[in-house]
file query_23.txt (compact mmCIF, C-alpha atoms and all ligand atoms)
# COMPACT_ATOMS: atom_id res chain seq x y z
CA MET A 28 -28.06 -28.18 -2.06
CA ASP A 29 -31.29 -26.17 -2.36
CA LYS A 30 -33.37 -29.26 -1.60
CA LEU A 31 -31.88 -29.70 1.86
CA PRO A 32 -33.85 -28.37 4.82
CA ASP A 33 -32.46 -25.06 6.14
CA SER A 34 -31.57 -26.58 9.50
CA ILE A 35 -29.14 -28.98 7.84
CA LYS A 36 -27.96 -26.58 5.19
CA LYS A 37 -26.73 -24.02 7.66
CA LEU A 38 -24.48 -26.59 9.31
CA PHE A 39 -22.14 -26.62 6.39
CA VAL A 40 -22.97 -23.71 4.15
CA SER A 41 -21.97 -20.23 5.14
CA LYS A 42 -23.68 -17.37 3.37
CA ASP A 43 -21.89 -14.59 4.99
CA ASN A 44 -18.35 -13.45 4.46
CA SER A 45 -18.88 -10.02 5.97
CA ASP A 46 -17.38 -11.08 9.33
CA LYS A 47 -13.67 -11.35 8.82
CA THR A 48 -12.19 -14.25 7.05
CA LEU A 49 -13.03 -17.35 5.06
CA PRO A 50 -15.85 -19.10 6.94
CA ASP A 51 -15.06 -22.46 8.52
CA ASN A 52 -17.97 -24.24 6.85
CA LEU A 53 -17.27 -26.94 4.31
CA PHE A 54 -19.27 -25.13 1.67
CA VAL A 55 -19.54 -21.39 1.24
CA GLU A 56 -22.07 -19.41 -0.73
CA CYS A 57 -20.15 -16.93 -2.86
CA PRO A 58 -21.45 -13.37 -2.44
CA GLY A 59 -20.31 -12.64 -6.01
CA CYS A 60 -22.12 -15.34 -8.00
CA GLN A 61 -24.33 -16.95 -5.28
CA GLU A 62 -22.96 -20.36 -6.21
CA ILE A 63 -21.94 -22.87 -3.56
CA VAL A 64 -18.17 -23.29 -3.44
CA TYR A 65 -16.29 -26.14 -1.77
CA ARG A 66 -14.05 -24.60 0.88
CA PRO A 67 -10.84 -26.57 0.15
CA LYS A 68 -11.20 -25.51 -3.48
CA LEU A 69 -11.52 -21.92 -2.37
CA GLU A 70 -8.37 -22.25 -0.28
CA GLN A 71 -6.46 -23.75 -3.18
CA ASN A 72 -7.56 -20.74 -5.16
CA LEU A 73 -6.18 -18.32 -2.50
CA GLY A 74 -9.66 -17.38 -1.31
CA VAL A 75 -10.82 -16.32 -4.78
CA CYS A 76 -14.05 -17.78 -6.14
CA PRO A 77 -13.11 -20.14 -8.99
CA LEU A 78 -16.37 -19.30 -10.78
CA CYS A 79 -16.57 -15.52 -10.68
CA SER A 80 -13.22 -14.37 -9.17
CA TYR A 81 -14.89 -12.77 -6.17
CA HIS A 82 -12.12 -12.06 -3.64
CA PHE A 83 -13.09 -13.34 -0.19
CA ARG A 84 -11.61 -11.64 2.83
CA ILE A 85 -8.85 -13.82 4.25
CA SER A 86 -7.07 -13.98 7.61
CA VAL A 87 -3.52 -12.90 8.39
CA ASP A 88 -2.38 -16.53 8.55
CA GLU A 89 -3.93 -17.18 5.16
CA TRP A 90 -2.14 -14.15 3.74
CA ILE A 91 1.14 -15.43 5.11
CA ASN A 92 0.49 -18.91 3.66
CA PHE A 93 -0.69 -17.66 0.29
CA ILE A 94 1.91 -14.98 -0.35
CA THR A 95 5.21 -15.62 1.46
CA ASP A 96 7.68 -18.50 1.14
CA ALA A 97 6.84 -21.43 3.42
CA ASN A 98 7.97 -20.93 7.04
CA SER A 99 9.71 -17.67 6.19
CA PHE A 100 7.57 -15.35 8.31
CA LEU A 101 9.40 -14.26 11.45
CA PRO A 102 7.28 -11.99 13.67
CA LEU A 103 8.60 -8.67 14.95
CA PHE A 104 7.32 -6.21 17.58
CA GLU A 105 4.71 -8.57 19.01
CA GLU A 106 5.70 -7.52 22.51
CA ILE A 107 4.13 -4.09 21.91
CA VAL A 108 0.56 -4.32 23.14
CA SER A 109 -2.26 -1.86 23.65
CA VAL A 110 -2.94 -0.06 26.88
CA ASP A 111 -6.10 1.89 27.54
CA PRO A 112 -4.87 5.50 27.47
CA LEU A 113 -8.29 7.12 27.89
CA ASN A 114 -9.91 4.59 30.22
CA PHE A 115 -12.49 4.08 27.51
CA PRO A 116 -15.43 2.04 28.84
CA GLY A 117 -15.11 -1.64 27.92
CA TYR A 118 -11.87 -1.22 25.94
CA ARG A 119 -9.58 -3.03 28.37
CA GLU A 120 -11.99 -5.99 28.56
CA LYS A 121 -12.28 -6.07 24.77
CA LEU A 122 -8.48 -6.15 24.39
CA GLU A 123 -8.13 -8.90 26.96
CA SER A 124 -10.76 -11.07 25.30
CA LEU A 125 -9.02 -10.66 21.93
CA TYR A 126 -5.59 -11.49 23.38
CA LYS A 127 -7.13 -14.57 24.96
CA LYS A 128 -8.37 -15.64 21.54
CA GLY A 129 -4.75 -15.59 20.40
CA LEU A 130 -5.02 -12.41 18.34
CA ASN A 131 -2.14 -9.99 18.53
CA GLU A 132 -3.28 -6.49 17.54
CA ALA A 133 -4.65 -5.15 14.29
CA ILE A 134 -1.39 -5.53 12.40
CA ARG A 135 1.11 -8.36 12.37
CA THR A 136 4.61 -7.37 11.35
CA GLY A 137 7.72 -9.35 10.62
CA TYR A 138 10.40 -10.53 8.23
CA ALA A 139 9.38 -12.75 5.34
CA ARG A 140 10.72 -13.99 2.06
CA LEU A 141 9.16 -13.76 -1.38
CA ASP A 142 10.71 -16.25 -3.75
CA GLY A 143 13.84 -16.00 -1.62
CA ILE A 144 13.95 -12.19 -1.46
CA LYS A 145 14.02 -10.89 2.11
CA ILE A 146 11.33 -8.32 2.89
CA LEU A 147 9.62 -6.70 5.85
CA MET A 148 5.94 -7.27 5.90
CA GLY A 149 2.89 -5.90 7.70
CA ILE A 150 -0.53 -7.49 7.41
CA MET A 151 -3.51 -5.82 8.99
CA ASP A 152 -5.95 -7.99 10.90
CA SER A 153 -9.56 -6.90 10.71
CA GLU A 154 -10.54 -9.50 13.31
CA PHE A 155 -8.90 -7.20 15.82
CA ILE A 156 -11.37 -4.32 16.32
CA MET A 157 -11.98 -3.92 12.58
CA GLY A 158 -8.28 -3.57 11.85
CA SER A 159 -8.43 -0.14 13.42
CA MET A 160 -5.25 1.88 13.89
CA GLY A 161 -4.45 2.66 17.49
CA SER A 162 -1.11 3.40 19.11
CA VAL A 163 0.19 -0.15 18.66
CA VAL A 164 -0.56 -0.31 14.94
CA GLY A 165 1.10 3.09 14.53
CA GLU A 166 4.16 2.03 16.50
CA ARG A 167 4.55 -1.27 14.67
CA VAL A 168 4.20 0.40 11.25
CA ALA A 169 6.72 3.09 12.20
CA ARG A 170 9.18 0.48 13.49
CA LEU A 171 8.72 -1.58 10.34
CA PHE A 172 9.83 1.41 8.27
CA GLU A 173 12.76 2.08 10.64
CA GLN A 174 13.85 -1.54 10.42
CA GLY A 175 13.61 -1.38 6.62
CA MET A 176 15.75 1.75 6.62
CA ASN A 177 18.41 0.24 8.89
CA GLU A 178 18.67 -2.97 6.90
CA ASN A 179 17.88 -1.65 3.41
CA LEU A 180 14.93 -3.96 3.02
CA PRO A 181 11.72 -3.33 1.10
CA VAL A 182 8.51 -2.94 3.09
CA ILE A 183 5.22 -4.45 1.95
CA ILE A 184 2.05 -3.70 3.90
CA ILE A 185 -1.32 -5.30 3.24
CA SER A 186 -3.97 -2.91 4.53
CA ARG A 187 -7.44 -3.77 5.63
CA SER A 188 -8.92 -1.40 8.14
CA GLY A 189 -12.00 0.42 9.29
CA GLY A 190 -9.89 3.46 10.16
CA ALA A 191 -8.65 5.03 13.38
CA ARG A 192 -9.41 3.31 16.70
CA MET A 193 -12.22 5.21 18.34
CA GLN A 194 -11.36 3.84 21.81
CA GLU A 195 -7.99 5.62 21.74
CA GLY A 196 -9.42 8.95 20.60
CA VAL A 197 -6.85 11.53 19.62
CA VAL A 198 -3.99 9.11 20.38
CA SER A 199 -5.13 7.04 17.41
CA LEU A 200 -5.27 10.13 15.21
CA PHE A 201 -1.62 10.90 16.07
CA GLN A 202 -0.74 7.62 14.39
CA MET A 203 -1.67 9.05 10.99
CA ALA A 204 1.06 11.70 11.31
CA LYS A 205 3.49 9.28 12.90
CA THR A 206 3.20 6.57 10.24
CA SER A 207 3.26 9.17 7.45
CA ALA A 208 6.47 10.69 8.84
CA ALA A 209 8.03 7.22 9.14
CA ALA A 210 7.03 6.41 5.54
CA LYS A 211 8.62 9.67 4.34
CA LYS A 212 11.90 8.97 6.16
CA PHE A 213 11.89 5.46 4.73
CA SER A 214 11.28 6.86 1.25
CA ASP A 215 14.20 9.30 1.69
CA SER A 216 16.43 6.31 2.41
CA CYS A 217 15.71 5.14 -1.19
CA ASN A 218 14.00 1.93 -0.20
CA LEU A 219 10.84 0.55 -1.71
CA PHE A 220 7.43 0.57 -0.04
CA ILE A 221 4.69 -1.44 -1.73
CA SER A 222 1.22 -0.86 -0.33
CA ILE A 223 -1.53 -3.36 -1.00
CA LEU A 224 -5.08 -2.18 -0.40
CA THR A 225 -7.66 -4.87 0.27
CA ASP A 226 -11.35 -4.78 1.08
CA PRO A 227 -11.94 -2.51 3.00
CA THR A 228 -9.20 0.11 3.39
CA THR A 229 -10.85 3.16 4.87
CA GLY A 230 -10.53 6.06 7.31
CA GLY A 231 -7.26 6.98 8.98
CA VAL A 232 -5.29 4.14 7.40
CA SER A 233 -6.24 5.20 3.87
CA ALA A 234 -5.46 8.80 4.84
CA SER A 235 -1.96 7.95 5.99
CA PHE A 236 0.63 5.25 5.26
CA SER A 237 -1.44 3.00 3.01
CA PHE A 238 -1.68 5.70 0.33
CA LEU A 239 1.99 6.57 0.62
CA GLY A 240 3.35 3.48 -1.12
CA ASP A 241 5.86 3.96 -3.93
CA ILE A 242 3.67 1.40 -5.63
CA ILE A 243 0.03 1.07 -4.64
CA ILE A 244 -1.77 -2.11 -5.61
CA ALA A 245 -5.46 -2.79 -4.93
CA GLU A 246 -7.46 -6.00 -4.90
CA PRO A 247 -10.37 -6.24 -7.37
CA ASN A 248 -13.55 -4.53 -6.21
CA ALA A 249 -12.03 -3.55 -2.83
CA LEU A 250 -13.73 -0.71 -1.01
CA ILE A 251 -11.13 2.02 -0.56
CA GLY A 252 -11.81 5.51 0.72
CA PHE A 253 -11.78 7.92 3.61
CA ALA A 254 -15.36 8.70 4.65
CA GLY A 255 -18.29 6.43 3.83
CA GLN A 256 -20.27 7.02 0.65
CA ARG A 257 -23.47 7.92 2.51
CA VAL A 258 -21.72 10.48 4.69
CA ILE A 259 -20.21 12.18 1.63
CA GLU A 260 -23.54 12.22 -0.23
CA GLN A 261 -25.29 13.75 2.75
CA THR A 262 -22.57 16.36 3.16
CA ILE A 263 -22.21 17.50 -0.45
CA LYS A 264 -25.88 16.83 -1.30
CA GLN A 265 -24.92 15.11 -4.52
CA LYS A 266 -25.15 11.58 -5.82
CA LEU A 267 -21.75 9.95 -6.20
CA PRO A 268 -20.76 8.19 -9.44
CA GLU A 269 -21.23 4.47 -9.97
CA GLY A 270 -18.45 2.36 -8.45
CA PHE A 271 -17.15 5.28 -6.37
CA GLN A 272 -14.52 4.12 -3.82
CA ARG A 273 -14.02 0.80 -5.57
CA ALA A 274 -10.53 -0.30 -6.61
CA GLU A 275 -11.22 -0.08 -10.36
CA PHE A 276 -12.62 3.46 -10.07
CA LEU A 277 -9.54 4.57 -8.11
CA GLU A 278 -7.27 2.95 -10.68
CA LYS A 279 -8.99 4.90 -13.45
CA LYS A 280 -8.55 8.14 -11.49
CA GLY A 281 -4.89 7.43 -10.77
CA PHE A 282 -5.15 6.90 -7.02
CA VAL A 283 -3.86 3.35 -7.23
CA ASP A 284 -1.25 2.13 -9.69
CA PHE A 285 -3.03 -1.05 -10.65
CA VAL A 286 -5.58 -3.61 -9.58
CA CYS A 287 -4.14 -7.10 -9.19
CA ASP A 288 -5.88 -10.45 -8.91
CA ARG A 289 -4.73 -12.17 -5.70
CA ARG A 290 -3.67 -15.24 -7.69
CA LYS A 291 -1.15 -13.06 -9.58
CA LEU A 292 -0.04 -10.99 -6.61
CA ARG A 293 2.95 -13.04 -5.49
CA GLU A 294 4.59 -13.20 -8.91
CA THR A 295 3.84 -9.50 -9.46
CA LEU A 296 5.52 -8.57 -6.18
CA VAL A 297 8.55 -10.69 -6.99
CA LYS A 298 8.86 -9.00 -10.39
CA ILE A 299 8.64 -5.53 -8.81
CA LEU A 300 11.29 -6.43 -6.22
CA GLU A 301 13.60 -7.77 -8.91
CA ILE A 302 13.16 -4.65 -11.03
CA HIS A 303 14.18 -2.63 -7.97
CA ARG A 304 17.29 -4.77 -7.65
CA TYR A 305 16.46 -6.53 -4.43
CA ARG A 306 18.45 -9.74 -4.55
CA ARG A 307 18.01 -13.20 -3.08
ZN ZN B 401 -18.42 -16.61 -7.13

call {"tool": "encode", "arguments": {"input": "query_23.txt", "output": "structure tokens"}}
result
Amino acid sequence: MDKLPDSIKKLFVSKDNSDKTLPDNLFVECPGCQEIVYRPKLEQNLGVCPLCSYHFRISVDEWINFITDANSFLPLFEEIVSVDPLNFPGYREKLESLYKKGLNEAIRTGYARLDGIKILMGIMDSEFIMGSMGSVVGERVARLFEQGMNENLPVIIISRSGGARMQEGVVSLFQMAKTSAAAKKFSDSCNLFISILTDPTTGGVSASFSFLGDIIIAEPNALIGFAGQRVIEQTIKQKLPEGFQRAEFLEKKGFVDFVCDRRKLRETLVKILEIHRYRR
């Protein structure tokens, strides 16, 4: 591959996974081991590098395909869409262009089945304004918990977010309290909430519902935290420890229950649901 001229190479090798999901190119350069990986192989491996186990960021549709039973996902609350409460410059246009692309807000919610067990599921979509939590994300998360309470179903949410949605100002900050209150009510109804933290889970989402799971699972090496590392260092004028805000560090400190390889996630979730007596 190295011998090819750059102009040809870039047609089918993507170097960068920082944008949102698995790149479309036929070959992808793994940011973990710098090896070239064949895309279909990567897909078969649930978006995990077969050579070094680097976890690529994957799209909502890929999550649904990789984790839930085939054709079991039934969307809920998609009719709730964002307005522009503060007349924030450019926000309305941004929303419209994203809707036109077929995206439907920064979280998709719905019913699904895991090995036959009925669940309610939320999957955050970082392609939609960095997976930021505005009023719609808050409302959908709160309704997901309410639905779970009414039907005695477990709720599983896969988080991936840059935090609160700046364009909705204080309205987006309300969502932290709203989703936390909904999670508490759900918890009081003795149902199970499993929160899965993927790369990155930061800001207002990490400071609200995503850290309120009865069981909190993180993906390997995921960045998880509230404020960015540089901001904290500049504020406290101290160097932060190695691996700070990474999944394994948080596991060691007790902030997450365990780190789980994506290839083991489905069976792990099924086991947890069975232990909690959710039946098929
Ligand atoms: Zn790799």

call {"tool": "residues_near_point", "arguments": {"input": "query_23.txt", "point": "(17.8, -6.2, 6.1)", "cutoff": "10 Å", "atoms": "only C-alpha atoms", "output": "ChimeraX atom specification"}}
result
/A:138,145-147,174-181

call {"tool": "closest_residue", "arguments": {"input": "query_23.txt", "among": "A:Asn131, A:Ser109, A:Asn72, A:Ser86", "to": "ligand ZN 401 (chain B)", "atoms": "all atoms listed in the file"}}
result
A:Asn72

call {"tool": "closest_residue", "arguments": {"input": "query_23.txt", "among": "A:Phe201, A:Phe271, A:Phe172, A:Phe100", "to": "A:Cys217", "atoms": "all atoms listed in the file"}}
result
A:Phe172

call {"tool": "residues_around", "arguments": {"input": "query_23.txt", "residues": "A:Ala208", "least_positions_apart": "4", "cutoff": "9 Å", "atoms": "all atoms listed in the file", "output": "list in words"}}
result
Ala169, Met203, Ala204, Lys212, Phe213 and Phe236 of chain A

call {"tool": "write_last_selection", "arguments": {"input": "query_23.txt", "atoms": "C-alpha atoms", "output": "PDB file, in the coordinates of the input"}}
result
ATOM      1  CA  ALA A 169       6.720   3.090  12.200  1.00  0.00           C
ATOM      2  CA  MET A 203      -1.670   9.050  10.990  1.00  0.00           C
ATOM      3  CA  ALA A 204       1.060  11.700  11.310  1.00  0.00           C
ATOM      4  CA  LYS A 212      11.900   8.970   6.160  1.00  0.00           C
ATOM      5  CA  PHE A 213      11.890   5.460   4.730  1.00  0.00           C
ATOM      6  CA  PHE A 236       0.630   5.250   5.260  1.00  0.00           C
TER       7      PHE A 236
END

call {"tool": "closest_atom_pairs", "arguments": {"input": "query_23.txt", "of": "chain A", "to": "ligand ZN 401 (chain B)", "cutoff": "7 Å", "atoms": "all atoms listed in the file", "output": "JSON lines"}}
result
{"residue": "A:Cys57", "atom": "CA", "partner": "B:ZN401", "partner_atom": "ZN", "distance": 4.6}
{"residue": "A:Pro58", "atom": "CA", "partner": "B:ZN401", "partner_atom": "ZN", "distance": 6.5}
{"residue": "A:Gly59", "atom": "CA", "partner": "B:ZN401", "partner_atom": "ZN", "distance": 4.5}
{"residue": "A:Cys60", "atom": "CA", "partner": "B:ZN401", "partner_atom": "ZN", "distance": 4.0}
{"residue": "A:Gln61", "atom": "CA", "partner": "B:ZN401", "partner_atom": "ZN", "distance": 6.2}
{"residue": "A:Glu62", "atom": "CA", "partner": "B:ZN401", "partner_atom": "ZN", "distance": 6.0}
{"residue": "A:Cys76", "atom": "CA", "partner": "B:ZN401", "partner_atom": "ZN", "distance": 4.6}
{"residue": "A:Pro77", "atom": "CA", "partner": "B:ZN401", "partner_atom": "ZN", "distance": 6.6}
{"residue": "A:Leu78", "atom": "CA", "partner": "B:ZN401", "partner_atom": "ZN", "distance": 5.0}
{"residue": "A:Cys79", "atom": "CA", "partner": "B:ZN401", "partner_atom": "ZN", "distance": 4.1}
{"residue": "A:Ser80", "atom": "CA", "partner": "B:ZN401", "partner_atom": "ZN", "distance": 6.0}
{"residue": "A:Tyr81", "atom": "CA", "partner": "B:ZN401", "partner_atom": "ZN", "distance": 5.3}

call {"tool": "write_last_selection", "arguments": {"input": "query_23.txt", "atoms": "C-alpha atoms", "output": "mmCIF file, in the coordinates of the input"}}
result
data_model
loop_
_atom_site.group_PDB
_atom_site.id
_atom_site.type_symbol
_atom_site.label_atom_id
_atom_site.label_comp_id
_atom_site.auth_asym_id
_atom_site.auth_seq_id
_atom_site.Cartn_x
_atom_site.Cartn_y
_atom_site.Cartn_z
ATOM 1 C CA CYS A 57 -20.150 -16.930 -2.860
ATOM 2 C CA PRO A 58 -21.450 -13.370 -2.440
ATOM 3 C CA GLY A 59 -20.310 -12.640 -6.010
ATOM 4 C CA CYS A 60 -22.120 -15.340 -8.000
ATOM 5 C CA GLN A 61 -24.330 -16.950 -5.280
ATOM 6 C CA GLU A 62 -22.960 -20.360 -6.210
ATOM 7 C CA CYS A 76 -14.050 -17.780 -6.140
ATOM 8 C CA PRO A 77 -13.110 -20.140 -8.990
ATOM 9 C CA LEU A 78 -16.370 -19.300 -10.780
ATOM 10 C CA CYS A 79 -16.570 -15.520 -10.680
ATOM 11 C CA SER A 80 -13.220 -14.370 -9.170
ATOM 12 C CA TYR A 81 -14.890 -12.770 -6.170
#

call {"tool": "atom_distance", "arguments": {"input": "query_23.txt", "atom1": "atom CA of A:Gly240", "atom2": "atom CA of A:Leu171"}}
result
13.6 Å

call {"tool": "residues_around", "arguments": {"input": "query_23.txt", "residues": "A:Ile244", "least_positions_apart": "5", "cutoff": "8 Å", "atoms": "all atoms listed in the file", "output": "list of chain:residue names"}}
result
A:Ile221, A:Ser222, A:Ile223, A:Leu224, A:Val283, A:Asp284, A:Phe285, A:Val286, A:Cys287

call {"tool": "write_last_selection", "arguments": {"input": "query_23.txt", "atoms": "C-alpha atoms", "output": "PDB file, in the coordinates of the input"}}
result
ATOM      1  CA  ILE A 221       4.690  -1.440  -1.730  1.00  0.00           C
ATOM      2  CA  SER A 222       1.220  -0.860  -0.330  1.00  0.00           C
ATOM      3  CA  ILE A 223      -1.530  -3.360  -1.000  1.00  0.00           C
ATOM      4  CA  LEU A 224      -5.080  -2.180  -0.400  1.00  0.00           C
ATOM      5  CA  VAL A 283      -3.860   3.350  -7.230  1.00  0.00           C
ATOM      6  CA  ASP A 284      -1.250   2.130  -9.690  1.00  0.00           C
ATOM      7  CA  PHE A 285      -3.030  -1.050 -10.650  1.00  0.00           C
ATOM      8  CA  VAL A 286      -5.580  -3.610  -9.580  1.00  0.00           C
ATOM      9  CA  CYS A 287      -4.140  -7.100  -9.190  1.00  0.00           C
TER      10      CYS A 287
END

call {"tool": "atom_distance", "arguments": {"input": "query_23.txt", "atom1": "atom CA of A:Gly129", "atom2": "atom CA of A:Phe54"}}
result
25.5 Å

call {"tool": "residues_around", "arguments": {"input": "query_23.txt", "residues": "A:Arg192", "least_positions_apart": "5", "cutoff": "12 Å", "atoms": "all atoms listed in the file", "output": "ChimeraX atom specification"}}
result
/A:109,111-113,115,118,132-133,153,155-165,197-203,229-232

call {"tool": "write_last_selection", "arguments": {"input": "query_23.txt", "atoms": "C-alpha atoms", "output": "mmCIF file, in the coordinates of the input"}}
result
data_model
loop_
_atom_site.group_PDB
_atom_site.id
_atom_site.type_symbol
_atom_site.label_atom_id
_atom_site.label_comp_id
_atom_site.auth_asym_id
_atom_site.auth_seq_id
_atom_site.Cartn_x
_atom_site.Cartn_y
_atom_site.Cartn_z
ATOM 1 C CA SER A 109 -2.260 -1.860 23.650
ATOM 2 C CA ASP A 111 -6.100 1.890 27.540
ATOM 3 C CA PRO A 112 -4.870 5.500 27.470
ATOM 4 C CA LEU A 113 -8.290 7.120 27.890
ATOM 5 C CA PHE A 115 -12.490 4.080 27.510
ATOM 6 C CA TYR A 118 -11.870 -1.220 25.940
ATOM 7 C CA GLU A 132 -3.280 -6.490 17.540
ATOM 8 C CA ALA A 133 -4.650 -5.150 14.290
ATOM 9 C CA SER A 153 -9.560 -6.900 10.710
ATOM 10 C CA PHE A 155 -8.900 -7.200 15.820
ATOM 11 C CA ILE A 156 -11.370 -4.320 16.320
ATOM 12 C CA MET A 157 -11.980 -3.920 12.580
ATOM 13 C CA GLY A 158 -8.280 -3.570 11.850
ATOM 14 C CA SER A 159 -8.430 -0.140 13.420
ATOM 15 C CA MET A 160 -5.250 1.880 13.890
ATOM 16 C CA GLY A 161 -4.450 2.660 17.490
ATOM 17 C CA SER A 162 -1.110 3.400 19.110
ATOM 18 C CA VAL A 163 0.190 -0.150 18.660
ATOM 19 C CA VAL A 164 -0.560 -0.310 14.940
ATOM 20 C CA GLY A 165 1.100 3.090 14.530
ATOM 21 C CA VAL A 197 -6.850 11.530 19.620
ATOM 22 C CA VAL A 198 -3.990 9.110 20.380
ATOM 23 C CA SER A 199 -5.130 7.040 17.410
ATOM 24 C CA LEU A 200 -5.270 10.130 15.210
ATOM 25 C CA PHE A 201 -1.620 10.900 16.070
ATOM 26 C CA GLN A 202 -0.740 7.620 14.390
ATOM 27 C CA MET A 203 -1.670 9.050 10.990
ATOM 28 C CA THR A 229 -10.850 3.160 4.870
ATOM 29 C CA GLY A 230 -10.530 6.060 7.310
ATOM 30 C CA GLY A 231 -7.260 6.980 8.980
ATOM 31 C CA VAL A 232 -5.290 4.140 7.400
#

call {"tool": "closest_residue", "arguments": {"input": "query_23.txt", "among": "A:Tyr126, A:Phe220, A:Phe276, A:Phe282", "to": "A:Ser233", "atoms": "all atoms listed in the file"}}
result
A:Phe282

call {"tool": "residues_near_point", "arguments": {"input": "query_23.txt", "point": "(-16.9, -4.2, -5.0)", "cutoff": "9 Å", "atoms": "only C-alpha atoms", "output": "ChimeraX atom specification"}}
result
/A:81,226,247-250,270,272-275

call {"tool": "closest_residue", "arguments": {"input": "query_23.txt", "among": "A:Ile185, A:Leu219, A:Leu125, A:Leu73", "to": "A:Glu301", "atoms": "all atoms listed in the file"}}
result
A:Leu219

call {"tool": "atom_distance", "arguments": {"input": "query_23.txt", "atom1": "atom CA of A:Trp90", "atom2": "atom CA of A:Ile150"}}
result
7.8 Å

call {"tool": "closest_residue", "arguments": {"input": "query_23.txt", "among": "A:Asp241, A:Glu106, A:Glu246, A:Glu173", "to": "A:Ser186", "atoms": "only C-alpha atoms"}}
result
A:Glu246

call {"tool": "closest_residue", "arguments": {"input": "query_23.txt", "among": "A:Val75, A:Ile144, A:Ile85, A:Val168", "to": "A:Asp51", "atoms": "all atoms listed in the file"}}
result
A:Ile85
